[in-house]
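Asks: Pasting start37.cif here (mmCIF, C-alpha atoms):
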data_final
#
loop_
_atom_site.group_PDB
_atom_site.id
_atom_site.type_symbol
_atom_site.label_atom_id
_atom_site.label_comp_id
_atom_site.auth_asym_id
_atom_site.auth_seq_id
_atom_site.Cartn_x
_atom_site.Cartn_y
_atom_site.Cartn_z
ATOM 1 C CA MET S 326 181.406 -102.708 -16.995
ATOM 2 C CA GLY S 327 183.128 -99.435 -16.109
ATOM 3 C CA ALA S 328 182.152 -95.879 -16.956
ATOM 4 C CA LEU S 329 180.124 -95.365 -20.123
ATOM 5 C CA PHE S 330 182.762 -92.916 -21.364
ATOM 6 C CA GLU S 331 186.314 -92.130 -20.286
ATOM 7 C CA GLU S 332 188.996 -90.048 -21.986
ATOM 8 C CA LEU S 333 192.216 -91.941 -21.306
ATOM 9 C CA ASP S 334 194.618 -89.415 -22.799
ATOM 10 C CA HIS S 335 194.662 -86.142 -24.725
ATOM 11 C CA ARG S 336 197.786 -84.552 -26.195
ATOM 12 C CA THR S 337 198.830 -81.831 -28.624
ATOM 13 C CA THR S 338 201.022 -83.227 -31.415
ATOM 14 C CA PRO S 339 202.597 -81.815 -34.593
ATOM 15 C CA LEU S 340 199.685 -83.375 -36.530
ATOM 16 C CA GLY S 341 196.974 -81.952 -34.259
ATOM 17 C CA GLU S 342 195.088 -82.862 -31.095
ATOM 18 C CA ILE S 343 195.160 -86.610 -30.506
ATOM 19 C CA SER S 344 192.953 -88.311 -27.956
ATOM 20 C CA LEU S 345 192.321 -91.841 -26.736
ATOM 21 C CA ARG S 346 188.987 -92.748 -25.243
ATOM 22 C CA ARG S 347 187.164 -95.789 -23.967
ATOM 23 C CA ARG S 348 183.396 -95.992 -24.126
ATOM 24 C CA HIS S 349 180.938 -98.753 -23.375
ATOM 25 C CA ASP S 350 178.524 -99.512 -26.197
ATOM 26 C CA PRO S 351 175.347 -100.844 -24.547
ATOM 27 C CA SER S 352 173.906 -102.114 -27.821
ATOM 28 C CA LEU S 353 176.931 -104.385 -28.343
ATOM 29 C CA ASP S 354 177.837 -104.789 -24.654
ATOM 30 C CA VAL S 355 181.524 -104.134 -25.368
ATOM 31 C CA ASP S 356 184.108 -101.570 -24.378
ATOM 32 C CA VAL S 357 185.292 -99.709 -27.479
ATOM 33 C CA PHE S 358 188.701 -98.030 -27.642
ATOM 34 C CA GLU S 359 188.951 -95.166 -30.126
ATOM 35 C CA ALA S 360 191.637 -92.686 -31.151
ATOM 36 C CA LYS S 361 190.859 -89.350 -32.761
ATOM 37 C CA LEU S 362 193.072 -86.784 -34.450
ATOM 38 C CA ASP S 363 191.273 -83.469 -34.043
ATOM 39 C CA ASP S 364 187.728 -84.377 -35.169
ATOM 40 C CA GLU S 365 188.797 -87.326 -37.337
ATOM 41 C CA PHE S 366 188.501 -90.915 -36.129
ATOM 42 C CA LEU S 367 191.837 -92.655 -36.686
ATOM 43 C CA MET S 368 191.140 -96.113 -35.292
ATOM 44 C CA SER S 369 188.633 -98.175 -33.369
ATOM 45 C CA SER S 370 188.878 -101.511 -31.606
ATOM 46 C CA LEU S 371 185.555 -102.425 -33.258
ATOM 47 C CA PHE S 372 187.094 -102.471 -36.729
ATOM 48 C CA THR S 373 190.313 -104.493 -36.726
ATOM 49 C CA VAL S 374 189.682 -107.258 -39.271
ATOM 50 C CA ALA S 375 191.628 -105.573 -42.068
ATOM 51 C CA GLU S 376 194.436 -104.476 -39.729
ATOM 52 C CA ILE S 377 194.930 -108.119 -38.800
ATOM 53 C CA ALA S 378 194.613 -109.139 -42.460
ATOM 54 C CA LEU S 379 197.434 -106.715 -43.298
ATOM 55 C CA ALA S 380 199.831 -108.864 -41.269
ATOM 56 C CA ASP S 381 198.304 -112.192 -42.271
ATOM 57 C CA LEU S 382 198.283 -111.487 -46.025
ATOM 58 C CA GLY S 383 201.639 -109.741 -46.001
ATOM 59 C CA LEU S 384 203.481 -112.473 -44.109
ATOM 60 C CA ALA S 385 201.756 -115.245 -46.064
ATOM 61 C CA ALA S 386 203.606 -113.925 -49.116
ATOM 62 C CA VAL S 387 207.013 -114.188 -47.399
ATOM 63 C CA GLY S 388 208.993 -117.408 -47.571
ATOM 64 C CA GLY S 389 211.502 -118.753 -45.088
ATOM 65 C CA ASP S 390 212.005 -118.469 -41.351
ATOM 66 C CA ALA S 391 213.727 -116.095 -38.920
ATOM 67 C CA LEU S 392 211.896 -113.113 -40.381
ATOM 68 C CA ASP S 393 212.695 -109.500 -39.559
ATOM 69 C CA VAL S 394 209.567 -107.374 -40.000
ATOM 70 C CA VAL S 395 208.848 -103.655 -39.881
ATOM 71 C CA VAL S 396 205.377 -102.296 -39.135
ATOM 72 C CA GLY S 397 204.741 -98.685 -40.074
ATOM 73 C CA GLY S 398 202.164 -97.329 -37.621
ATOM 74 C CA LEU S 399 201.455 -98.752 -34.159
ATOM 75 C CA GLY S 400 197.879 -97.607 -33.554
ATOM 76 C CA LEU S 401 195.933 -99.891 -31.246
ATOM 77 C CA GLY S 402 198.425 -102.676 -31.958
ATOM 78 C CA TYR S 403 196.362 -105.197 -33.921
ATOM 79 C CA THR S 404 198.695 -105.442 -36.936
ATOM 80 C CA ALA S 405 201.713 -105.842 -34.670
ATOM 81 C CA GLN S 406 200.021 -108.523 -32.580
ATOM 82 C CA ALA S 407 198.958 -110.447 -35.696
ATOM 83 C CA ALA S 408 202.547 -110.348 -36.978
ATOM 84 C CA LEU S 409 203.856 -111.667 -33.649
ATOM 85 C CA ALA S 410 201.410 -114.574 -33.930
ATOM 86 C CA ASP S 411 203.552 -115.850 -36.833
ATOM 87 C CA ASP S 412 206.209 -118.036 -35.204
ATOM 88 C CA ARG S 413 208.606 -117.306 -38.063
ATOM 89 C CA VAL S 414 208.964 -113.683 -36.951
ATOM 90 C CA ARG S 415 212.357 -113.231 -35.304
ATOM 91 C CA SER S 416 212.095 -109.494 -34.745
ATOM 92 C CA LEU S 417 209.294 -106.972 -35.118
ATOM 93 C CA HIS S 418 210.126 -103.276 -35.301
ATOM 94 C CA VAL S 419 207.181 -100.889 -35.093
ATOM 95 C CA ILE S 420 207.867 -97.339 -36.354
ATOM 96 C CA GLU S 421 205.371 -94.866 -34.868
ATOM 97 C CA GLY S 422 205.434 -91.149 -35.621
ATOM 98 C CA LEU S 423 203.582 -90.111 -32.458
ATOM 99 C CA ASP S 424 205.421 -90.777 -29.226
ATOM 100 C CA GLU S 425 202.075 -90.334 -27.481
ATOM 101 C CA VAL S 426 200.771 -93.539 -29.092
ATOM 102 C CA ILE S 427 203.810 -95.493 -27.904
ATOM 103 C CA ALA S 428 203.229 -94.057 -24.416
ATOM 104 C CA TRP S 429 199.651 -95.424 -24.433
ATOM 105 C CA HIS S 430 201.033 -98.930 -24.806
ATOM 106 C CA ARG S 431 203.885 -98.478 -22.346
ATOM 107 C CA ARG S 432 201.295 -97.270 -19.807
ATOM 108 C CA GLY S 433 199.103 -100.308 -20.496
ATOM 109 C CA LEU S 434 196.084 -98.266 -21.591
ATOM 110 C CA LEU S 435 195.009 -100.567 -24.428
ATOM 111 C CA PRO S 436 193.849 -104.208 -24.515
ATOM 112 C CA LEU S 437 196.907 -105.406 -26.479
ATOM 113 C CA SER S 438 199.514 -103.294 -24.694
ATOM 114 C CA GLY S 439 200.768 -106.063 -22.421
ATOM 115 C CA SER S 440 201.162 -108.633 -25.172
ATOM 116 C CA LEU S 441 203.219 -106.191 -27.262
ATOM 117 C CA THR S 442 205.473 -104.722 -24.597
ATOM 118 C CA GLY S 443 205.898 -108.147 -22.996
ATOM 119 C CA ASP S 444 207.159 -109.850 -26.173
ATOM 120 C CA GLU S 445 210.945 -109.611 -26.436
ATOM 121 C CA ARG S 446 210.726 -109.767 -30.236
ATOM 122 C CA CYS S 447 208.708 -106.543 -30.358
ATOM 123 C CA HIS S 448 210.507 -103.188 -30.448
ATOM 124 C CA LEU S 449 208.626 -99.883 -30.475
ATOM 125 C CA HIS S 450 210.479 -97.013 -32.164
ATOM 126 C CA HIS S 451 209.485 -93.356 -32.252
ATOM 127 C CA GLY S 452 210.250 -92.027 -35.725
ATOM 128 C CA ASP S 453 208.886 -90.658 -38.978
ATOM 129 C CA PHE S 454 208.430 -93.756 -41.135
ATOM 130 C CA PHE S 455 208.234 -91.708 -44.344
ATOM 131 C CA ALA S 456 211.337 -89.643 -43.586
ATOM 132 C CA LEU S 457 213.270 -92.808 -42.754
ATOM 133 C CA VAL S 458 212.359 -94.389 -46.092
ATOM 134 C CA ARG S 459 213.153 -91.132 -47.880
ATOM 135 C CA SER S 460 216.587 -90.935 -46.277
ATOM 136 C CA GLY S 461 217.788 -94.116 -47.970
ATOM 137 C CA ALA S 462 219.761 -94.975 -44.832
ATOM 138 C CA GLY S 463 217.385 -97.581 -43.427
ATOM 139 C CA PHE S 464 215.181 -97.494 -40.360
ATOM 140 C CA GLY S 465 218.073 -96.968 -37.953
ATOM 141 C CA GLY S 466 218.639 -98.168 -34.421
ATOM 142 C CA THR S 467 218.465 -101.924 -33.999
ATOM 143 C CA VAL S 468 216.473 -102.488 -37.197
ATOM 144 C CA PRO S 469 218.359 -104.655 -39.725
ATOM 145 C CA ALA S 470 219.547 -102.868 -42.848
ATOM 146 C CA ARG S 471 217.226 -105.077 -44.898
ATOM 147 C CA VAL S 472 214.043 -106.727 -43.677
ATOM 148 C CA HIS S 473 211.767 -109.448 -45.002
ATOM 149 C CA ALA S 474 208.488 -107.524 -44.823
ATOM 150 C CA VAL S 475 207.245 -103.970 -44.360
ATOM 151 C CA LEU S 476 203.597 -103.666 -43.306
ATOM 152 C CA VAL S 477 202.162 -100.139 -43.335
ATOM 153 C CA ASP S 478 198.978 -98.749 -41.792
ATOM 154 C CA ILE S 479 199.369 -95.005 -41.310
ATOM 155 C CA ASP S 480 197.418 -92.983 -43.885
ATOM 156 C CA HIS S 481 193.755 -93.403 -44.734
ATOM 157 C CA SER S 482 194.751 -94.387 -48.276
ATOM 158 C CA PRO S 483 197.468 -93.630 -50.851
ATOM 159 C CA ALA S 484 195.335 -90.694 -52.038
ATOM 160 C CA TRP S 485 194.213 -89.498 -48.576
ATOM 161 C CA VAL S 486 197.284 -88.906 -46.460
ATOM 162 C CA LEU S 487 197.535 -87.546 -42.925
ATOM 163 C CA HIS S 488 200.320 -85.141 -43.934
ATOM 164 C CA PRO S 489 201.507 -83.933 -47.377
ATOM 165 C CA SER S 490 205.028 -85.240 -46.684
ATOM 166 C CA HIS S 491 203.660 -88.800 -46.801
ATOM 167 C CA ALA S 492 202.514 -88.620 -50.409
ATOM 168 C CA ASP S 493 205.849 -89.374 -52.067
ATOM 169 C CA LEU S 494 205.965 -92.907 -50.627
ATOM 170 C CA TYR S 495 203.105 -93.925 -52.929
ATOM 171 C CA THR S 496 204.936 -92.914 -56.117
ATOM 172 C CA PRO S 497 207.228 -95.258 -58.072
ATOM 173 C CA ALA S 498 210.272 -93.336 -56.779
ATOM 174 C CA GLY S 499 209.115 -93.671 -53.170
ATOM 175 C CA LEU S 500 208.308 -97.348 -53.582
ATOM 176 C CA ARG S 501 211.763 -97.989 -55.055
ATOM 177 C CA ARG S 502 213.349 -96.426 -51.970
ATOM 178 C CA LEU S 503 211.245 -98.721 -49.791
ATOM 179 C CA ASP S 504 212.118 -101.725 -51.955
ATOM 180 C CA ASP S 505 215.815 -100.999 -51.288
ATOM 181 C CA LEU S 506 215.128 -101.768 -47.604
ATOM 182 C CA LEU S 507 213.731 -105.224 -48.399
ATOM 183 C CA HIS S 508 215.526 -108.492 -48.991
ATOM 184 C CA PRO S 509 215.358 -109.510 -52.672
ATOM 185 C CA ASP S 510 212.340 -111.727 -51.949
ATOM 186 C CA GLY S 511 210.812 -109.291 -49.451
ATOM 187 C CA VAL S 512 207.215 -108.089 -49.282
ATOM 188 C CA PHE S 513 205.564 -104.704 -48.932
ATOM 189 C CA ALA S 514 201.953 -104.646 -47.724
ATOM 190 C CA LEU S 515 199.680 -101.656 -47.188
ATOM 191 C CA TRP S 516 196.310 -101.091 -45.505
ATOM 192 C CA SER S 517 193.854 -98.660 -47.118
ATOM 193 C CA ASP S 518 190.428 -97.438 -46.104
ATOM 194 C CA ALA S 519 189.473 -96.959 -49.766
ATOM 195 C CA PRO S 520 188.564 -99.398 -52.560
ATOM 196 C CA PRO S 521 191.433 -100.624 -54.770
ATOM 197 C CA ASP S 522 193.129 -97.653 -56.442
ATOM 198 C CA GLU S 523 194.131 -98.262 -60.057
ATOM 199 C CA ALA S 524 196.693 -95.442 -60.066
ATOM 200 C CA PHE S 525 198.448 -96.816 -56.979
ATOM 201 C CA SER S 526 198.375 -100.353 -58.382
ATOM 202 C CA THR S 527 200.107 -98.988 -61.486
ATOM 203 C CA SER S 528 202.820 -97.488 -59.268
ATOM 204 C CA LEU S 529 203.274 -100.842 -57.519
ATOM 205 C CA ASP S 530 203.510 -102.625 -60.870
ATOM 206 C CA ALA S 531 206.319 -100.266 -61.859
ATOM 207 C CA VAL S 532 208.468 -101.482 -58.950
ATOM 208 C CA PHE S 533 207.352 -104.970 -57.911
ATOM 209 C CA ALA S 534 206.864 -108.113 -59.976
ATOM 210 C CA ARG S 535 203.736 -109.271 -58.168
ATOM 211 C CA CYS S 536 200.993 -107.039 -56.823
ATOM 212 C CA GLU S 537 197.556 -107.853 -55.524
ATOM 213 C CA ALA S 538 194.842 -105.706 -53.981
ATOM 214 C CA THR S 539 192.573 -107.722 -51.697
ATOM 215 C CA VAL S 540 189.252 -106.325 -50.543
ATOM 216 C CA VAL S 541 188.743 -107.321 -46.893
ATOM 217 C CA PRO S 542 185.064 -107.281 -45.824
ATOM 218 C CA PHE S 543 183.927 -107.008 -42.223
ATOM 219 C CA ALA S 544 180.654 -106.655 -40.391
ATOM 220 C CA ASN S 545 179.679 -103.112 -39.454
ATOM 221 C CA PRO S 546 177.397 -103.254 -36.394
ATOM 222 C CA TYR S 547 176.403 -99.616 -36.789
ATOM 223 C CA THR S 548 175.080 -99.936 -40.329
ATOM 224 C CA GLY S 549 173.964 -103.555 -40.012
ATOM 225 C CA ASP S 550 175.770 -104.133 -43.293
ATOM 226 C CA THR S 551 179.228 -105.108 -44.516
ATOM 227 C CA SER S 552 182.030 -102.591 -44.892
ATOM 228 C CA SER S 553 185.458 -103.194 -46.414
ATOM 229 C CA ASN S 554 189.072 -102.061 -46.523
ATOM 230 C CA THR S 555 191.825 -102.916 -49.003
ATOM 231 C CA VAL S 556 195.152 -104.638 -48.392
ATOM 232 C CA TYR S 557 197.827 -104.340 -51.085
ATOM 233 C CA VAL S 558 200.586 -106.955 -51.167
ATOM 234 C CA ALA S 559 203.581 -106.455 -53.447
ATOM 235 C CA SER S 560 206.563 -108.767 -53.854
ATOM 236 C CA ARG S 561 209.220 -110.089 -56.180
ATOM 237 C CA PRO S 562 209.462 -113.720 -57.354
ATOM 238 C CA ARG S 563 211.311 -115.995 -54.979
#
Let me see the structure of the file written as structure tokens.
Replies:
Amino acid sequence: MGALFEELDHRTTPLGEISLRRRHDPSLDVDVFEAKLDDEFLMSSLFTVAEIALADLGLAAVGGDALDVVVGGLGLGYTAQAALADDRVRSLHVIEGLDEVIAWHRRGLLPLSGSLTGDERCHLHHGDFFALVRSGAGFGGTVPARVHAVLVDIDHSPAWVLHPSHADLYTPAGLRRLDDLLHPDGVFALWSDAPPDEAFSTSLDAVFARCEATVVPFANPYTGDTSSNTVYVASRPR
């Protein structure tokens, strides 16, 4: 066990003050890694079940092999690592809007950093995921023009976004632009901190042939109860 509390990094970003900290929780006897944006908690290594489920559920809906996958939002890396655990994944391109978060992993500050940066299939890109989708020109760089799956974990929910410019992705028009970046049988999956949203499901139904919102429960050691997130998976018939 190291120090009870250590701030690993603190930076000023266009979205606000972002910080990464590690603290030891004596009641659980674990080191917890947490990221905050100003006074808001963005992510915690204690609560990763739904982030992993985002990759598992999303890729389970994709057929075939030699998959090219895009992850929107790097965070602590749990969605990316879960995607890499699928042997069918040929390339994984993670689009992260904060270069500071990519730097955390390149510096090896997080538990999963080595497994991500050490996997030749995994490519970390600094970019605005929403602006790239809005451009209609693809994700750029070495990312294929069309991919088999796009897995997104950036905003708290479709109705609670980190920046107003993100909101248009969750409309039918925004989802159609994203669909243009998928293969015909591709899959879009989204993590949300909120219960299933009927309005967003309606938007998905307007673009995709199959849509499902799965509630993902997980144990919450602080409440002694069960909490939950939602994973949306949308696809077209194969």
Asks: Using the chain letters and numbers from the file, give me the residues hit by the PyMOL selection byres ((chain S and resi 359) around 9), as a list in words.
Replies: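 Given this file, the PyMOL selection byres ((chain S and resi 359) around 9) evaluates to Ser344, Leu345, Arg346, Arg347, Arg348, Val357, Phe358, Ala360, Lys361, Phe366, Leu367, Met368, Ser369, Ser370, Leu371 and Leu401 of chain S.
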Asks: Restrict the calculation to all atoms listed in the file, then for each residue of region 350-413 of chain S with any atom at most 10 Å from an atom of region 534-547 of chain S give the closest atom pair and their distance in Å to one decimal, rows by chain and rising residue number, as a Markdown table.
Replies:
| residue | atom | partner | partner_atom | distance |
| --- | --- | --- | --- | --- |
| S:Ser352 | CA | S:Pro546 | CA | 9.3 |
| S:Leu353 | CA | S:Pro546 | CA | 8.1 |
| S:Leu371 | CA | S:Asn545 | CA | 8.6 |
| S:Phe372 | CA | S:Phe543 | CA | 7.8 |
| S:Thr373 | CA | S:Phe543 | CA | 8.8 |
| S:Val374 | CA | S:Phe543 | CA | 6.5 |
| S:Ala375 | CA | S:Val541 | CA | 5.9 |
| S:Glu376 | CA | S:Val541 | CA | 9.6 |
| S:Ala378 | CA | S:Val541 | CA | 7.6 |
| S:Leu379 | CA | S:Val541 | CA | 9.4 |
| S:Leu382 | CA | S:Thr539 | CA | 8.9 |
Asks: Which residues are near region 456-461 of chain S? Cut-off 7 Å, only C-alpha atoms, ignore same chain within fewer than 2 positions. Put them as a PyMOL selection string.
Replies: chain S and resi 453-454+463-464+502-503
Asks: Would you list the contacts of region 483-485 of chain S as a JSON list (two decimals) with C-alpha atoms, in the coordinates of the input, taking every protein, DNA or RNA residue within 12 Å and counting all atoms listed in the file, but skipping same-chain residues closer than 4 positions in sequence?
Replies:
[["chain", "number", "residue", "atom", "x", "y", "z"],
["S", 477, "VAL", "CA", 202.16, -100.14, -43.34],
["S", 478, "ASP", "CA", 198.98, -98.75, -41.79],
["S", 479, "ILE", "CA", 199.37, -95.00, -41.31],
["S", 489, "PRO", "CA", 201.51, -83.93, -47.38],
["S", 490, "SER", "CA", 205.03, -85.24, -46.68],
["S", 491, "HIS", "CA", 203.66, -88.80, -46.80],
["S", 492, "ALA", "CA", 202.51, -88.62, -50.41],
["S", 493, "ASP", "CA", 205.85, -89.37, -52.07],
["S", 494, "LEU", "CA", 205.96, -92.91, -50.63],
["S", 495, "TYR", "CA", 203.10, -93.92, -52.93],
["S", 496, "THR", "CA", 204.94, -92.91, -56.12],
["S", 499, "GLY", "CA", 209.12, -93.67, -53.17],
["S", 500, "LEU", "CA", 208.31, -97.35, -53.58],
["S", 515, "LEU", "CA", 199.68, -101.66, -47.19],
["S", 516, "TRP", "CA", 196.31, -101.09, -45.50],
["S", 517, "SER", "CA", 193.85, -98.66, -47.12],
["S", 518, "ASP", "CA", 190.43, -97.44, -46.10],
["S", 519, "ALA", "CA", 189.47, -96.96, -49.77],
["S", 520, "PRO", "CA", 188.56, -99.40, -52.56],
["S", 521, "PRO", "CA", 191.43, -100.62, -54.77],
["S", 522, "ASP", "CA", 193.13, -97.65, -56.44],
["S", 523, "GLU", "CA", 194.13, -98.26, -60.06],
["S", 524, "ALA", "CA", 196.69, -95.44, -60.07],
["S", 525, "PHE", "CA", 198.45, -96.82, -56.98],
["S", 526, "SER", "CA", 198.38, -100.35, -58.38],
["S", 528, "SER", "CA", 202.82, -97.49, -59.27],
["S", 529, "LEU", "CA", 203.27, -100.84, -57.52],
["S", 555, "THR", "CA", 191.82, -102.92, -49.00],
["S", 556, "VAL", "CA", 195.15, -104.64, -48.39],
["S", 557, "TYR", "CA", 197.83, -104.34, -51.08]]
Asks: Quick one, how far is CA of Tyr403 (chain S) from CA of Arg501 (chain S)?
Replies: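 That distance, rounded to one decimal, is 27.1 Å.
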Asks: Restricting the calculation to only C-alpha atoms, which member of S:Gly397, S:Pro351, S:Gly466, S:Gly388 is positioned closest to Val512 (chain S)?
Replies: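 Under the stated criterion, the closest residue is S:Gly388.
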Asks: For this structure, which residues satisfy the selection - the PyMOL selection byres ((chain S and resi 445) around 12) - when it is evaluated on the file as given? I want them as JSON, numbers by chain.
Replies: {"S": [409, 414, 415, 416, 417, 418, 439, 440, 441, 442, 443, 444, 446, 447, 448, 449]}
Asks: How big is the axis-aligned box around the listed atoms of region 548-557 of chain S once 6 Å is added on each side, and where is its centre? Give both in Å to one decimal, as JSON.
Replies:
{"center_x": 185.9, "center_y": -102.5, "center_z": -45.5, "size_x": 35.9, "size_y": 17.2, "size_z": 23.1}
Asks: If the PyMOL selection byres ((chain S and resi 334) around 9) were run on this exact file, what residues would it hold? Put them as a short mmCIF file (atom, residue, chain, number, x, y, z; two decimals) with C-alpha atoms, in the frame of the given file.
Replies:
data_model
loop_
_atom_site.label_atom_id
_atom_site.label_comp_id
_atom_site.auth_asym_id
_atom_site.auth_seq_id
_atom_site.Cartn_x
_atom_site.Cartn_y
_atom_site.Cartn_z
CA GLU S 332 189.00 -90.05 -21.99
CA LEU S 333 192.22 -91.94 -21.31
CA HIS S 335 194.66 -86.14 -24.72
CA ARG S 336 197.79 -84.55 -26.20
CA ILE S 343 195.16 -86.61 -30.51
CA SER S 344 192.95 -88.31 -27.96
CA LEU S 345 192.32 -91.84 -26.74
CA ARG S 346 188.99 -92.75 -25.24
CA GLU S 425 202.08 -90.33 -27.48
CA TRP S 429 199.65 -95.42 -24.43
#
Asks: Work out how far CA of Glu365 (chain S) is from CA of Gly383 (chain S), in Å to one decimal.
Replies: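 According to the coordinates, CA of Gly383 (chain S) and CA of Glu365 (chain S) are separated by 27.2 Å.
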Asks: Let me make sure I understand: among S:Ala474, S:Ile420, S:Ala498, S:Leu362, which one has the smallest atom-to-atom distance to Gly389 (chain S) if we use all atoms listed in the file?
Replies: S:Ala474
Asks: Nearest residue to His488 (chain S) out of S:Glu331, S:Val468, S:Pro339, S:Ala531, using only C-alpha atoms?
Replies: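 Closest candidate: S:Pro339.
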Asks: Pick from S:Glu342, S:Asp356, S:Asp381, S:Asp363: nearest to Leu476 (chain S), with only C-alpha atoms counted?
Replies: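 Ranking S:Glu342, S:Asp356, S:Asp381, S:Asp363 by distance to Leu476 (chain S), first place goes to S:Asp381.
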Asks: Starting from the point (208.3, -104.3, -48.4), work out which residues of protein, DNA or RNA have an atom no more than 8 Å away when counting all atoms listed in the file; state them as a list in words.
Replies: Val472, His473, Ala474, Val475, Leu476, Leu503, Asp504, Leu506, Leu507, Gly511, Val512, Phe513, Ala514, Ala559 and Ser560 of chain S
Asks: Rank S:Arg413, S:Arg471, S:His349, S:His430 by their smallest atom-to-atom distance to Val395 (chain S), using all atoms listed in the file, and report the top residue only.
Replies: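 Of the candidates, the smallest distance to Val395 (chain S) is held by S:Arg471.
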Asks: Choose the residue, out of S:Val486, S:Val355, S:Val558, S:Leu423, that has the smallest atom-to-atom separation from Val387 (chain S); count only C-alpha atoms.
Replies: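 Of S:Val486, S:Val355, S:Val558, S:Leu423, the one nearest Val387 (chain S), counting only C-alpha atoms, is S:Val558.
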Asks: So the first atom is CA of Ile427 (chain S) and the second is CA of Asp390 (chain S); what is the distance between them in Å, to one decimal place?
Replies: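 Distance between the two atoms: 27.9 Å.
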Asks: Rebuild all heavy atoms on region 522-527 of chain S, as an mmCIF file, keeping the file's coordinate frame?
Replies:
data_model
loop_
_atom_site.group_PDB
_atom_site.id
_atom_site.type_symbol
_atom_site.label_atom_id
_atom_site.label_comp_id
_atom_site.auth_asym_id
_atom_site.auth_seq_id
_atom_site.Cartn_x
_atom_site.Cartn_y
_atom_site.Cartn_z
ATOM 1 N N ASP S 522 192.802 -98.869 -55.699
ATOM 2 C CA ASP S 522 193.129 -97.653 -56.442
ATOM 3 C C ASP S 522 193.974 -98.044 -57.653
ATOM 4 O O ASP S 522 195.106 -98.514 -57.504
ATOM 5 C CB ASP S 522 193.886 -96.700 -55.520
ATOM 6 C CG ASP S 522 194.214 -95.370 -56.160
ATOM 7 O OD1 ASP S 522 194.593 -95.336 -57.335
ATOM 8 O OD2 ASP S 522 194.097 -94.338 -55.455
ATOM 9 N N GLU S 523 193.440 -97.843 -58.842
ATOM 10 C CA GLU S 523 194.131 -98.262 -60.057
ATOM 11 C C GLU S 523 195.448 -97.517 -60.235
ATOM 12 O O GLU S 523 196.458 -98.099 -60.642
ATOM 13 C CB GLU S 523 193.233 -98.032 -61.280
ATOM 14 C CG GLU S 523 193.830 -98.541 -62.573
ATOM 15 C CD GLU S 523 192.869 -98.406 -63.747
ATOM 16 O OE1 GLU S 523 191.667 -98.199 -63.521
ATOM 17 O OE2 GLU S 523 193.349 -98.518 -64.896
ATOM 18 N N ALA S 524 195.468 -96.225 -59.901
ATOM 19 C CA ALA S 524 196.693 -95.442 -60.066
ATOM 20 C C ALA S 524 197.794 -95.959 -59.140
ATOM 21 O O ALA S 524 198.964 -96.064 -59.538
ATOM 22 C CB ALA S 524 196.412 -93.968 -59.783
ATOM 23 N N PHE S 525 197.436 -96.290 -57.895
ATOM 24 C CA PHE S 525 198.448 -96.816 -56.979
ATOM 25 C C PHE S 525 198.901 -98.203 -57.413
ATOM 26 O O PHE S 525 200.095 -98.532 -57.326
ATOM 27 C CB PHE S 525 197.903 -96.849 -55.555
ATOM 28 C CG PHE S 525 198.893 -97.389 -54.558
ATOM 29 C CD1 PHE S 525 200.126 -96.786 -54.387
ATOM 30 C CD2 PHE S 525 198.587 -98.512 -53.807
ATOM 31 C CE1 PHE S 525 201.052 -97.286 -53.472
ATOM 32 C CE2 PHE S 525 199.509 -99.008 -52.885
ATOM 33 C CZ PHE S 525 200.737 -98.404 -52.725
ATOM 34 N N SER S 526 197.991 -99.032 -57.888
ATOM 35 C CA SER S 526 198.375 -100.353 -58.382
ATOM 36 C C SER S 526 199.359 -100.232 -59.538
ATOM 37 O O SER S 526 200.304 -101.031 -59.663
ATOM 38 C CB SER S 526 197.142 -101.138 -58.815
ATOM 39 O OG SER S 526 196.335 -101.472 -57.698
ATOM 40 N N THR S 527 199.172 -99.226 -60.379
ATOM 41 C CA THR S 527 200.107 -98.988 -61.486
ATOM 42 C C THR S 527 201.484 -98.633 -60.957
ATOM 43 O O THR S 527 202.512 -99.086 -61.484
ATOM 44 C CB THR S 527 199.573 -97.870 -62.399
ATOM 45 O OG1 THR S 527 198.325 -98.283 -62.960
ATOM 46 C CG2 THR S 527 200.550 -97.573 -63.526
#
